[in-house]
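Asks: Sharing a structure with you now.
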Amino acid sequence: MALQSQSTCFLILIFLLLLSFIIATMGLLVVLSSLLLLYSVQAQDNLRIDCYPEGGANQQGCESRGCTWKAAGNFDPVGTPYCFMKASEMGYIASATTNGNEWSLTKNSGPKSPWGSDLPSLKFSFNDIGDSVINVRIEDYQKRFEASELVDFPRNTESTSERLSVKVNNDSNPFSFAVRRDNGLTLFDTSIDRAEPSNSSFPSLGGLIFADKFIQIATTLPSKNMYGWGEHIHQEIKHDLSRYTSWGMFARDEPPNSQGLDTKNLYGVHPFYMVMESNGQAHGVLILNSNAQEVTTIPAPGYVYRTIGGILDIYFFPGPSPAEVIRQYTAFVGRPMLPAYWALGYQLCRYGYKSLQDMKDRVDAVRNYQIPFDVAYADIDYMERYKDFTVGNDNWGGFGDYVKQMHDWGMHNILIFDPAIQADYDSFQRGLDNGASFIEWERNDEVMRSIQDLYPMAKNTKIMLAVVWPDRHVGFPDFLDPTNKTQQWWIDEFKRYHDNVPFDGAWIDMNEPSSFGTNEDHPFFFDDPDHPNIEPLRCPTSGPDADWDIPPYQTEAVYHYGYGSILATKTVCMRAVQGRGGLRLYNTHNLYGWSESRTTQKAVYEATGKRGVVISRSTYPSSGRYAGHWLGDNTATWEDLRSAVVGAQEFNLFGIPYVGSDVCGFNGDASEEMCLRWQQLGSFHSFFRNHNSKGLPYQDPAVWPSVAAASKKANEFRYSMLPYLYSIHYSLHYSATLKGDTVVRPVFFEYPHDSETLGLSEQFMWGPSIMVIPALYQGQTEVEGYIPLDGTPLLTYQFYSIYDYNYGQKVPIGRSRFPAPTTYNSPTFVKSGSIIPRSPPALTTVSSRLLNFNLLVVPHDADGSYNERRASGNLYWDDGDSVVEDISKNPHTETSFSYVYAQDQGKGNLTLSVGFGQWFFIILSQAPSQPKLEYLEIFDFPTTPTYTSFTIDGKALSINTQKSSYSKITKILIVYFGSPIDFSTPVTLLSLQECKPSHGLLLYLRCSRQIVSMSNLLHIANGDESYDFIPIDNE
């Protein structure tokens, strides 16, 4: 009985254990099922498409639009919309056509557009453009406005082994498509969430809508690392895809605000973005559209793109590196212009100079501190009551003579020109006499007679008159005039004015275009004693004529501002026409600054006969071909200082590398410390200008001795680096101009495989070789920065300090802190493997160009053993100011440098090769004179050389031993030559057909089709070690 009882107990125990296991397993399944359901719900919450963006949403109003109402939960992403579309059900059904890359789309029976009737049928197509770009188009079968027909992109492509393909899912309802790499990675997908592509329970993003004035497409992305879209204030370089955020894109006279998240649209429109994928590859996308538009980033990750006109015209750039994406993008939209050499110098401006003498006093104050300084501006103060092409009679007499005086000093002058032309003076009359056209009303009965009848010149026209800075009403030139009469009149006005005031460049402001007080009862200028209380422009807000200014969907550019805002707020009416009546401003508004930039560049060329520079406030894709950009009317705050770091990098992504901020802030009172730090930061931006507003205290560097001292030091460093900066404004404005590279670039451009670099917003690369970690916070005495890892710690490129702290020494990889007192320059580091051309600083670029150059050589240890060390660099040189219509034909010299140190059986051999190349437009004598090489500075050099053993071409080379030095502690070698070495004088030897090298160097003159040769062999010896400069072939 005892055994039987034990056996029964054992069986009961087994049964209970099995039962417990079954219950636990079922519980686990329930938990897993619940987690899966929760994940599915979260996925859906990460994919909501807002159906009530204008605010004031409620359930009844939401459902009346055919949308779903569901309040966001505590754990849902910030900004989750309560009212959202049934996007997975809405869209089109696709059917193939006889053209293999084209599908016919028919509206399905799902939910309809809340903003206008869906077009019943569409055409979907895709095509390869050249070797790298794919173009996807969704359009009506009826002709609609297309931005591509106005913006004259060159549409060139760059060869790449990377290929993209388009996969169309025409079996689903709604139809979807995806763009993929050859390796299968999906870059753009309008179908189901790719987190679980086989799980049909996950929602379709869907949401394709195509109505007359509302178009929407939504996509998921391969990663959360997205950059670009503009123009906005982004406080971080990378978009925050953990939340829902809407960004309007509509050109408006709206100053930046960095105080917290502010998503308002600013001066320009750039519907271009880049995504860094998880494997370190990158791709870019341009949605070519010039209507008011917006993008909402969603946590999927993905985005919803909306526009209110045109078509969906989407271009994909495969990279695969970030630099290649931008090269492909700028090849397509157009390479950026090459600014004049002097335009890289320091610039000073102020709105509110009381007189010419006031301007002279501030210029003298800065010059008296011996601060390198190149460009003095005059804002609208110099004009007669703010009218273009005039000079104020009372306080600005002799302005033209003063500009000539600046030229004698080696300085230059840039003047502001607004597009607003007062309707009652000579320039306006000359425009009418020469057949120029202006933005105008469509019909005579729309014209505001209460304004028009005040102006005899405009009375019998349909010109749309508005209010800007001048005392009386203004018209806006139509730079899209198909007859080119307007453009020629504008050019002629510049030429005429240059005869009186010999300016060197043009600053075009207010070109969104800006209009004061549109549709306002009490505009701000009514309270401005310097502006008459004249009647503002009024655009129709009711009846059939209001459709263009108050369309069914008004975009974030209106919804962000709330009650009373319309598209025409701060600008002119969208129902206006351009192009001699053939274009609606509703479609072309965002192109106004671009079109003015294109014409103004020609005006500067013809007026000055030189390259000069144009700086534009409003920009659009390809504006960089014609102009640079400043980041707008910022404020003297630490927040705006920090956002300038991001803004400059973003505009380099947009193909506008000549960019910078108003140093020390335009609005508000600048503090001494903040202005000092901004001067230091600005010294690394290609466009470097201190500027502030009317009625505020002066803020130029001479105001505070500490700022003057810091500015002098920072500017001297910049000016010493101008040969490098110019070579990255030809090798970044030569690469930027020829290859489309960037100047101020995100760190991940150079280190795409180091994930730590993807979110770095407060440090940047200056070209490929120099990293800057500026001080950006009040009271800061040190900075924290990240030195990236490229490869293994042993083989990675090192960085060396080139500022006050531990100059010439390696800095550790990873996160470190670096001293940054106000008496130091910004923490700056040079990448190993680089050769940096430099020159001694001077007070102007004109003076600095007369000085000899030197080379900073920073070798890279290729294998971690010191057995082989390499570095390379180049120097581009031209006359600095000739007009460059075709960069490949611009007379210039280009010198490449290659350094190799190698050990063999205990002996060291160092070779520094100098390759010399020269391209000419017409004849050899047009080549610019290149400075000579005065000295070398080599970091991490292993031993002391014997200065008496230097040779060139086998002949002894004199070394200035008094100036030359070597430190065994710092391992920095400096070698001054007794006489500077001339690497720039070629000798024409052979015709192209003979092709026999002389002295080992062939130089191809790509335009003159000649061959030249140069013999310069420099030998440095020290016992068992030797160091050679030898020429190398350079095509």
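Just so we're on the same page: first chain in the structure tokens is A, next is B, and so on; residues restart at 1 for each chain, and ligands are numbered from 1 in the order they show up.
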Go through region 444-561 of chain A residue by residue and, counting only C-alpha atoms, keep those with an atom at most 10 Å from region 361-380 of chain A; for each kept residue give the shortest atom pair and its distance in Å to one decimal, ordered by chain and increasing number, as CSV.
Replies:
residue,atom,partner,partner_atom,distance
A:Trp469,CA,A:Ile380,CA,8.6
A:Pro470,CA,A:Ile380,CA,9.7
A:Phe503,CA,A:Tyr377,CA,9.5
A:Asp504,CA,A:Val375,CA,9.3
A:Gly505,CA,A:Tyr377,CA,9.6
A:Ala506,CA,A:Tyr377,CA,9.8
A:Trp507,CA,A:Asp379,CA,9.0
A:Asp509,CA,A:Asp379,CA,9.9
Asks: Give me a file of those residues, with C-alpha atoms, as a CSV table (one decimal), in the first residue's frame.
Replies:
chain,number,residue,atom,x,y,z
A,469,TRP,CA,11.1,99.8,-47.8
A,470,PRO,CA,10.6,102.7,-50.2
A,503,PHE,CA,30.7,98.1,-56.3
A,504,ASP,CA,32.2,94.6,-56.6
A,505,GLY,CA,29.3,92.3,-55.6
A,506,ALA,CA,25.5,92.2,-55.0
A,507,TRP,CA,23.5,91.3,-52.0
A,509,ASP,CA,17.5,90.8,-50.1
Asks: As a ChimeraX atom specification, please: every residue in region 177-275 of chain A that a backbone DSSP assignment puts in strand (DSSP E or B).
Replies: /A:177-181,186-189,192,204,209-211,214-220,226-230,245-249,270-275
Asks: Please write the residues from the selection above to a file, keeping N, CA and C atoms, as a compact mmCIF listing (two decimals), in the first residue's frame.
Replies:
# COMPACT_ATOMS: atom_id res chain seq x y z
N PHE A 177 4.71 51.32 -54.80
CA PHE A 177 6.00 51.10 -55.46
C PHE A 177 7.12 51.29 -54.45
N ALA A 178 8.26 50.73 -54.78
CA ALA A 178 9.44 50.84 -53.92
C ALA A 178 10.66 51.06 -54.78
N VAL A 179 11.63 51.78 -54.23
CA VAL A 179 12.93 51.97 -54.88
C VAL A 179 13.96 51.23 -54.06
N ARG A 180 14.74 50.38 -54.74
CA ARG A 180 15.66 49.47 -54.02
C ARG A 180 17.07 49.52 -54.61
N ARG A 181 18.02 49.16 -53.77
CA ARG A 181 19.38 48.94 -54.25
C ARG A 181 19.49 47.54 -54.85
N THR A 186 15.61 48.37 -49.42
CA THR A 186 14.57 49.28 -49.89
C THR A 186 14.81 50.68 -49.32
N LEU A 187 14.85 51.67 -50.20
CA LEU A 187 15.13 53.04 -49.80
C LEU A 187 13.88 53.89 -49.68
N PHE A 188 12.85 53.54 -50.44
CA PHE A 188 11.63 54.34 -50.50
C PHE A 188 10.50 53.36 -50.75
N ASP A 189 9.49 53.34 -49.88
CA ASP A 189 8.48 52.30 -49.98
C ASP A 189 7.12 52.85 -49.58
N ILE A 192 3.71 48.21 -47.28
CA ILE A 192 3.64 47.84 -45.86
C ILE A 192 4.96 48.13 -45.17
N SER A 204 -0.68 49.13 -44.26
CA SER A 204 -0.10 49.77 -45.43
C SER A 204 0.00 51.25 -45.16
N ILE A 209 -2.69 60.55 -52.64
CA ILE A 209 -3.81 61.41 -53.02
C ILE A 209 -3.34 62.34 -54.12
N PHE A 210 -4.16 62.52 -55.14
CA PHE A 210 -3.81 63.45 -56.22
C PHE A 210 -5.07 64.20 -56.63
N ALA A 211 -5.29 65.35 -55.98
CA ALA A 211 -6.36 66.27 -56.36
C ALA A 211 -5.74 67.46 -57.07
N PHE A 214 -4.19 69.50 -54.14
CA PHE A 214 -3.68 68.76 -52.99
C PHE A 214 -3.11 67.42 -53.48
N ILE A 215 -1.82 67.22 -53.25
CA ILE A 215 -1.14 65.99 -53.64
C ILE A 215 -0.39 65.47 -52.42
N GLN A 216 -0.49 64.17 -52.19
CA GLN A 216 0.15 63.56 -51.02
C GLN A 216 0.76 62.23 -51.39
N ILE A 217 1.97 61.98 -50.87
CA ILE A 217 2.60 60.67 -50.97
C ILE A 217 3.31 60.41 -49.66
N ALA A 218 3.32 59.17 -49.22
CA ALA A 218 3.94 58.80 -47.95
C ALA A 218 4.87 57.61 -48.18
N THR A 219 5.93 57.56 -47.43
CA THR A 219 6.90 56.47 -47.58
C THR A 219 7.53 56.14 -46.24
N THR A 220 7.97 54.91 -46.14
CA THR A 220 8.83 54.53 -45.02
C THR A 220 10.28 54.58 -45.50
N MET A 226 18.02 60.78 -41.10
CA MET A 226 17.63 61.61 -42.23
C MET A 226 18.10 63.04 -42.01
N TYR A 227 18.56 63.68 -43.10
CA TYR A 227 19.14 65.02 -43.06
C TYR A 227 18.57 65.84 -44.22
N GLY A 228 18.48 67.16 -44.04
CA GLY A 228 18.05 68.01 -45.13
C GLY A 228 16.65 68.56 -44.92
N TRP A 229 15.94 68.80 -46.03
CA TRP A 229 14.67 69.52 -46.09
C TRP A 229 14.90 70.96 -45.59
N GLY A 230 14.42 71.94 -46.32
CA GLY A 230 14.63 73.30 -45.85
C GLY A 230 13.81 74.32 -46.63
N THR A 245 6.61 65.50 -36.77
CA THR A 245 6.97 66.91 -36.90
C THR A 245 6.69 67.37 -38.33
N SER A 246 5.96 68.47 -38.45
CA SER A 246 5.63 69.01 -39.78
C SER A 246 6.46 70.25 -40.05
N TRP A 247 7.01 70.31 -41.28
CA TRP A 247 7.85 71.42 -41.71
C TRP A 247 7.27 72.00 -43.00
N GLY A 248 6.85 73.25 -42.96
CA GLY A 248 6.36 73.91 -44.17
C GLY A 248 7.51 74.34 -45.06
N MET A 249 7.27 74.34 -46.36
CA MET A 249 8.28 74.81 -47.33
C MET A 249 7.60 75.79 -48.28
N HIS A 270 13.82 73.92 -50.16
CA HIS A 270 14.74 72.86 -50.60
C HIS A 270 14.13 71.49 -50.27
N PRO A 271 13.34 70.94 -51.19
CA PRO A 271 12.73 69.62 -50.96
C PRO A 271 13.71 68.48 -51.29
N PHE A 272 14.85 68.50 -50.62
CA PHE A 272 15.90 67.51 -50.84
C PHE A 272 16.33 66.96 -49.49
N TYR A 273 16.55 65.66 -49.43
CA TYR A 273 17.03 65.05 -48.19
C TYR A 273 18.00 63.93 -48.49
N MET A 274 18.75 63.56 -47.46
CA MET A 274 19.69 62.44 -47.53
C MET A 274 19.42 61.51 -46.35
N VAL A 275 19.53 60.22 -46.59
CA VAL A 275 19.40 59.23 -45.53
C VAL A 275 20.69 58.42 -45.44
Asks: Would you pick out the contacts of region 873-879 of chain A at 7 Å or less, using only C-alpha atoms, so that residues sharing its chain but fewer than 2 positions from it are not included, and give the list as a PyMOL selection string?
Replies: chain A and resi 723-724+727+730+834-837+881-882+891-898+928+930
Asks: Using the selection just defined, write its residues with N, CA and C atoms as a short mmCIF file (atom, residue, chain, number, x, y, z; two decimals), in the first residue's frame.
Replies:
data_model
loop_
_atom_site.label_atom_id
_atom_site.label_comp_id
_atom_site.auth_asym_id
_atom_site.auth_seq_id
_atom_site.Cartn_x
_atom_site.Cartn_y
_atom_site.Cartn_z
N PRO A 723 44.63 79.65 -49.06
CA PRO A 723 44.95 78.76 -50.20
C PRO A 723 44.24 77.41 -50.10
N TYR A 724 44.13 76.88 -48.88
CA TYR A 724 43.37 75.63 -48.68
C TYR A 724 41.89 75.86 -48.91
N SER A 727 41.13 76.33 -52.44
CA SER A 727 41.30 75.06 -53.14
C SER A 727 40.18 74.08 -52.78
N TYR A 730 37.56 75.47 -55.00
CA TYR A 730 37.72 74.97 -56.36
C TYR A 730 38.00 73.50 -56.22
N SER A 834 47.19 64.45 -44.73
CA SER A 834 46.87 65.70 -45.42
C SER A 834 48.11 66.55 -45.66
N ILE A 835 48.10 67.26 -46.78
CA ILE A 835 49.04 68.34 -47.03
C ILE A 835 48.21 69.60 -47.26
N ILE A 836 48.41 70.60 -46.41
CA ILE A 836 47.60 71.82 -46.42
C ILE A 836 48.43 72.97 -46.97
N PRO A 837 48.04 73.56 -48.11
CA PRO A 837 48.72 74.76 -48.58
C PRO A 837 48.29 75.97 -47.76
N ASP A 881 39.55 86.54 -59.67
CA ASP A 881 38.41 87.42 -59.89
C ASP A 881 37.94 87.49 -61.34
N SER A 882 38.50 86.69 -62.23
CA SER A 882 38.00 86.68 -63.60
C SER A 882 36.68 85.94 -63.65
N PRO A 891 41.51 79.88 -66.87
CA PRO A 891 42.97 79.81 -66.75
C PRO A 891 43.39 79.66 -65.29
N HIS A 892 44.15 78.63 -65.00
CA HIS A 892 44.56 78.41 -63.62
C HIS A 892 45.71 77.43 -63.57
N THR A 893 46.31 77.32 -62.42
CA THR A 893 47.28 76.26 -62.17
C THR A 893 46.76 75.39 -61.04
N GLU A 894 47.11 74.15 -61.11
CA GLU A 894 46.77 73.21 -60.05
C GLU A 894 48.01 72.38 -59.75
N THR A 895 48.43 72.42 -58.51
CA THR A 895 49.62 71.69 -58.09
C THR A 895 49.21 70.64 -57.07
N SER A 896 49.60 69.41 -57.31
CA SER A 896 49.29 68.34 -56.36
C SER A 896 50.57 67.91 -55.65
N PHE A 897 50.42 67.56 -54.38
CA PHE A 897 51.54 67.19 -53.54
C PHE A 897 51.30 65.79 -52.98
N SER A 898 52.35 64.98 -52.99
CA SER A 898 52.24 63.63 -52.43
C SER A 898 53.51 63.33 -51.63
N PRO A 928 47.82 82.41 -64.49
CA PRO A 928 48.13 83.34 -63.40
C PRO A 928 49.47 83.01 -62.76
N GLN A 930 51.77 82.06 -59.90
CA GLN A 930 51.55 81.32 -58.66
C GLN A 930 52.64 81.66 -57.65
#
Asks: What separation in Å, quoted to one decimal, exists between CA of Met771 (chain A) and CA of Thr828 (chain A)?
Replies: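 Spanning CA of Met771 (chain A) to CA of Thr828 (chain A) is a straight-line distance of 5.7 Å.
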Asks: If you run DSSP on the backbone, which residues of region 643-808 of chain A are helix (DSSP H, G or I), as a compact mmCIF listing (two decimals) with N, CA, C and O atoms, in the first residue's frame?
Replies:
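Final output, saved to part01.txt:
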# COMPACT_ATOMS: atom_id res chain seq x y z
N SER A 643 22.62 77.16 -33.84
CA SER A 643 21.90 76.71 -35.03
C SER A 643 22.62 77.09 -36.32
O SER A 643 22.41 76.49 -37.36
N ALA A 644 23.50 78.11 -36.25
CA ALA A 644 24.29 78.48 -37.43
C ALA A 644 25.24 77.35 -37.83
O ALA A 644 25.57 77.21 -39.02
N VAL A 645 25.68 76.56 -36.87
CA VAL A 645 26.55 75.42 -37.18
C VAL A 645 25.81 74.43 -38.07
O VAL A 645 26.35 73.93 -39.07
N VAL A 646 24.56 74.14 -37.72
CA VAL A 646 23.75 73.21 -38.49
C VAL A 646 23.36 73.83 -39.83
O VAL A 646 23.43 73.19 -40.89
N GLY A 647 22.95 75.10 -39.81
CA GLY A 647 22.49 75.75 -41.03
C GLY A 647 23.54 75.75 -42.12
O GLY A 647 23.24 75.52 -43.30
N ALA A 648 24.79 76.03 -41.76
CA ALA A 648 25.85 76.06 -42.77
C ALA A 648 26.07 74.68 -43.36
O ALA A 648 26.31 74.54 -44.58
N GLN A 649 25.99 73.65 -42.55
CA GLN A 649 26.16 72.29 -43.08
C GLN A 649 25.00 71.91 -44.00
O GLN A 649 25.20 71.27 -45.04
N GLU A 650 23.77 72.29 -43.61
CA GLU A 650 22.62 71.94 -44.43
C GLU A 650 22.69 72.59 -45.81
O GLU A 650 22.40 71.95 -46.82
N PHE A 651 23.09 73.86 -45.87
CA PHE A 651 23.16 74.51 -47.17
C PHE A 651 24.28 73.96 -48.04
O PHE A 651 24.22 74.03 -49.26
N ASN A 652 25.31 73.39 -47.43
CA ASN A 652 26.29 72.66 -48.22
C ASN A 652 25.66 71.41 -48.83
O ASN A 652 25.94 71.05 -49.97
N LEU A 653 24.77 70.74 -48.07
CA LEU A 653 24.02 69.61 -48.64
C LEU A 653 23.14 70.07 -49.79
O LEU A 653 22.95 69.33 -50.77
N GLU A 672 29.36 90.66 -25.29
CA GLU A 672 30.78 90.59 -25.64
C GLU A 672 31.23 89.15 -25.84
O GLU A 672 31.86 88.80 -26.85
N GLU A 673 30.91 88.27 -24.89
CA GLU A 673 31.37 86.89 -24.98
C GLU A 673 30.75 86.17 -26.17
O GLU A 673 31.44 85.46 -26.91
N MET A 674 29.44 86.35 -26.35
CA MET A 674 28.77 85.67 -27.45
C MET A 674 29.32 86.14 -28.80
O MET A 674 29.54 85.35 -29.72
N CYS A 675 29.55 87.45 -28.94
CA CYS A 675 30.07 87.98 -30.19
C CYS A 675 31.47 87.44 -30.46
O CYS A 675 31.82 87.11 -31.60
N LEU A 676 32.27 87.34 -29.41
CA LEU A 676 33.61 86.77 -29.56
C LEU A 676 33.54 85.35 -30.09
O LEU A 676 34.25 84.97 -31.04
N ARG A 677 32.68 84.53 -29.49
CA ARG A 677 32.56 83.14 -29.93
C ARG A 677 32.01 83.04 -31.36
O ARG A 677 32.40 82.16 -32.13
N TRP A 678 31.10 83.97 -31.70
CA TRP A 678 30.52 83.93 -33.05
C TRP A 678 31.57 84.33 -34.09
O TRP A 678 31.61 83.79 -35.19
N GLN A 679 32.42 85.31 -33.74
CA GLN A 679 33.52 85.66 -34.64
C GLN A 679 34.43 84.45 -34.88
O GLN A 679 34.89 84.22 -36.00
N GLN A 680 34.67 83.69 -33.83
CA GLN A 680 35.53 82.51 -33.98
C GLN A 680 34.87 81.46 -34.87
O GLN A 680 35.51 80.88 -35.75
N LEU A 681 33.57 81.21 -34.64
CA LEU A 681 32.87 80.24 -35.48
C LEU A 681 32.80 80.72 -36.92
O LEU A 681 33.09 79.97 -37.86
N GLY A 682 32.41 81.98 -37.12
CA GLY A 682 32.24 82.50 -38.47
C GLY A 682 33.49 82.44 -39.30
O GLY A 682 33.42 82.40 -40.54
N PRO A 701 33.95 93.99 -34.38
CA PRO A 701 34.95 93.53 -33.41
C PRO A 701 35.64 94.65 -32.64
O PRO A 701 36.13 94.42 -31.52
N ALA A 702 35.68 95.86 -33.21
CA ALA A 702 36.39 96.95 -32.55
C ALA A 702 35.65 97.50 -31.33
O ALA A 702 36.22 98.29 -30.57
N VAL A 703 34.41 97.06 -31.10
CA VAL A 703 33.64 97.56 -29.96
C VAL A 703 34.26 97.11 -28.65
O VAL A 703 34.28 97.85 -27.66
N PRO A 705 37.73 95.34 -26.86
CA PRO A 705 39.12 94.92 -27.08
C PRO A 705 39.30 93.41 -27.09
O PRO A 705 40.09 92.88 -27.88
N SER A 706 38.54 92.70 -26.24
CA SER A 706 38.69 91.24 -26.22
C SER A 706 38.20 90.62 -27.52
O SER A 706 38.81 89.67 -28.04
N VAL A 707 37.11 91.14 -28.07
CA VAL A 707 36.59 90.62 -29.33
C VAL A 707 37.53 90.99 -30.47
O VAL A 707 37.76 90.19 -31.40
N ALA A 708 38.08 92.19 -30.43
CA ALA A 708 39.04 92.60 -31.47
C ALA A 708 40.25 91.67 -31.46
O ALA A 708 40.72 91.23 -32.53
N ALA A 709 40.77 91.35 -30.26
CA ALA A 709 41.94 90.48 -30.18
C ALA A 709 41.61 89.07 -30.68
O ALA A 709 42.39 88.47 -31.43
N ALA A 710 40.45 88.55 -30.26
CA ALA A 710 40.06 87.21 -30.70
C ALA A 710 39.78 87.18 -32.20
O ALA A 710 40.12 86.21 -32.89
N SER A 711 39.16 88.26 -32.73
CA SER A 711 38.88 88.31 -34.15
C SER A 711 40.16 88.41 -34.97
O SER A 711 40.28 87.76 -36.02
N LYS A 712 41.08 89.21 -34.51
CA LYS A 712 42.36 89.31 -35.21
C LYS A 712 43.04 87.95 -35.29
O LYS A 712 43.52 87.51 -36.35
N LYS A 713 43.02 87.24 -34.18
CA LYS A 713 43.66 85.93 -34.14
C LYS A 713 42.93 84.92 -35.02
O LYS A 713 43.55 84.18 -35.80
N ALA A 714 41.61 84.89 -34.92
CA ALA A 714 40.82 83.95 -35.73
C ALA A 714 40.93 84.28 -37.22
O ALA A 714 41.06 83.37 -38.06
N ASN A 715 40.87 85.57 -37.55
CA ASN A 715 40.97 85.97 -38.94
C ASN A 715 42.35 85.67 -39.52
O ASN A 715 42.48 85.28 -40.68
N GLU A 716 43.39 85.87 -38.71
CA GLU A 716 44.73 85.55 -39.19
C GLU A 716 44.86 84.06 -39.48
O GLU A 716 45.50 83.66 -40.47
N PHE A 717 44.26 83.22 -38.65
CA PHE A 717 44.27 81.78 -38.94
C PHE A 717 43.52 81.50 -40.24
O PHE A 717 44.00 80.77 -41.10
N ARG A 718 42.33 82.11 -40.40
CA ARG A 718 41.56 81.90 -41.63
C ARG A 718 42.36 82.35 -42.85
O ARG A 718 42.44 81.64 -43.85
N TYR A 719 42.93 83.55 -42.77
CA TYR A 719 43.66 84.07 -43.93
C TYR A 719 44.89 83.23 -44.24
O TYR A 719 45.28 83.11 -45.41
N SER A 720 45.51 82.64 -43.22
CA SER A 720 46.65 81.75 -43.49
C SER A 720 46.19 80.50 -44.21
O SER A 720 46.98 79.86 -44.91
N LEU A 722 43.67 80.46 -46.43
CA LEU A 722 42.92 80.78 -47.64
C LEU A 722 43.34 79.96 -48.86
O LEU A 722 42.49 79.59 -49.68
N PRO A 723 44.63 79.65 -49.06
CA PRO A 723 44.95 78.76 -50.20
C PRO A 723 44.24 77.41 -50.10
O PRO A 723 43.80 76.87 -51.11
N TYR A 724 44.13 76.88 -48.88
CA TYR A 724 43.37 75.63 -48.68
C TYR A 724 41.89 75.86 -48.91
O TYR A 724 41.23 75.10 -49.63
N LEU A 725 41.33 76.94 -48.32
CA LEU A 725 39.90 77.21 -48.45
C LEU A 725 39.53 77.47 -49.90
O LEU A 725 38.50 77.00 -50.38
N TYR A 726 40.37 78.21 -50.61
CA TYR A 726 40.09 78.47 -52.02
C TYR A 726 40.22 77.19 -52.85
O TYR A 726 39.48 76.99 -53.81
N SER A 727 41.13 76.33 -52.44
CA SER A 727 41.30 75.06 -53.14
C SER A 727 40.18 74.08 -52.78
O SER A 727 40.02 73.09 -53.48
N SER A 735 36.41 71.22 -56.11
CA SER A 735 35.54 70.06 -55.98
C SER A 735 34.10 70.52 -55.94
O SER A 735 33.25 69.91 -56.53
N ALA A 736 33.79 71.60 -55.21
CA ALA A 736 32.40 72.02 -55.19
C ALA A 736 31.97 72.44 -56.58
O ALA A 736 30.84 72.26 -56.96
N THR A 737 32.86 73.03 -57.35
CA THR A 737 32.48 73.50 -58.67
C THR A 737 32.59 72.40 -59.72
O THR A 737 31.72 72.26 -60.57
N LEU A 738 33.64 71.62 -59.66
CA LEU A 738 33.80 70.56 -60.64
C LEU A 738 33.17 69.25 -60.19
O LEU A 738 32.54 68.56 -60.97
N LYS A 739 33.34 68.91 -58.93
CA LYS A 739 32.86 67.63 -58.44
C LYS A 739 31.63 67.73 -57.56
O LYS A 739 30.98 66.73 -57.29
N VAL A 747 30.49 65.66 -40.06
CA VAL A 747 31.60 64.76 -39.81
C VAL A 747 31.35 63.40 -40.45
O VAL A 747 32.28 62.74 -40.95
N PHE A 748 30.08 62.96 -40.53
CA PHE A 748 29.81 61.64 -41.09
C PHE A 748 30.13 61.57 -42.58
O PHE A 748 30.22 60.47 -43.13
N PHE A 749 30.32 62.69 -43.25
CA PHE A 749 30.73 62.65 -44.65
C PHE A 749 32.08 61.97 -44.79
O PHE A 749 32.33 61.27 -45.77
N SER A 755 29.08 55.16 -36.43
CA SER A 755 27.71 55.58 -36.09
C SER A 755 27.68 56.75 -35.12
O SER A 755 26.69 57.48 -35.06
N GLU A 756 28.76 56.95 -34.36
CA GLU A 756 28.81 58.07 -33.43
C GLU A 756 28.78 59.41 -34.15
O GLU A 756 28.43 60.43 -33.56
N THR A 757 29.19 59.44 -35.40
CA THR A 757 29.25 60.71 -36.13
C THR A 757 27.89 61.13 -36.68
O THR A 757 27.73 62.30 -37.08
N LEU A 758 26.92 60.25 -36.70
CA LEU A 758 25.67 60.53 -37.42
C LEU A 758 24.84 61.63 -36.79
O LEU A 758 24.02 62.26 -37.47
N GLY A 759 25.03 61.88 -35.51
CA GLY A 759 24.25 62.92 -34.84
C GLY A 759 25.08 64.09 -34.35
O GLY A 759 24.58 64.90 -33.58
Asks: Using only C-alpha atoms, determine which residues lie at most 7 Å from Trp766 (chain A), disregarding the query and same-chain residues fewer than 4 positions distant; provide the list as a PyMOL selection string.
Replies: chain A and resi 743-745+770-771
Asks: Go ahead and save the picked residues with N, CA, C and O atoms, as a CSV table (one decimal), in the first residue's frame.
Replies:
chain,number,residue,atom,x,y,z
A,743,VAL,N,32.0,72.2,-48.5
A,743,VAL,CA,33.1,72.9,-47.8
A,743,VAL,C,32.9,72.7,-46.3
A,743,VAL,O,33.8,72.0,-45.7
A,744,VAL,N,31.9,73.2,-45.7
A,744,VAL,CA,31.6,72.9,-44.3
A,744,VAL,C,30.6,71.7,-44.3
A,744,VAL,O,29.5,71.8,-44.8
A,745,ARG,N,31.2,70.5,-43.9
A,745,ARG,CA,30.4,69.3,-44.1
A,745,ARG,C,30.2,68.6,-42.8
A,745,ARG,O,31.1,68.7,-41.8
A,770,ILE,N,40.2,69.1,-42.2
A,770,ILE,CA,40.3,69.9,-40.9
A,770,ILE,C,38.9,69.7,-40.2
A,770,ILE,O,37.9,69.8,-40.8
A,771,MET,N,39.0,69.5,-38.9
A,771,MET,CA,37.9,69.3,-38.1
A,771,MET,C,37.8,70.5,-37.1
A,771,MET,O,38.9,70.9,-36.5
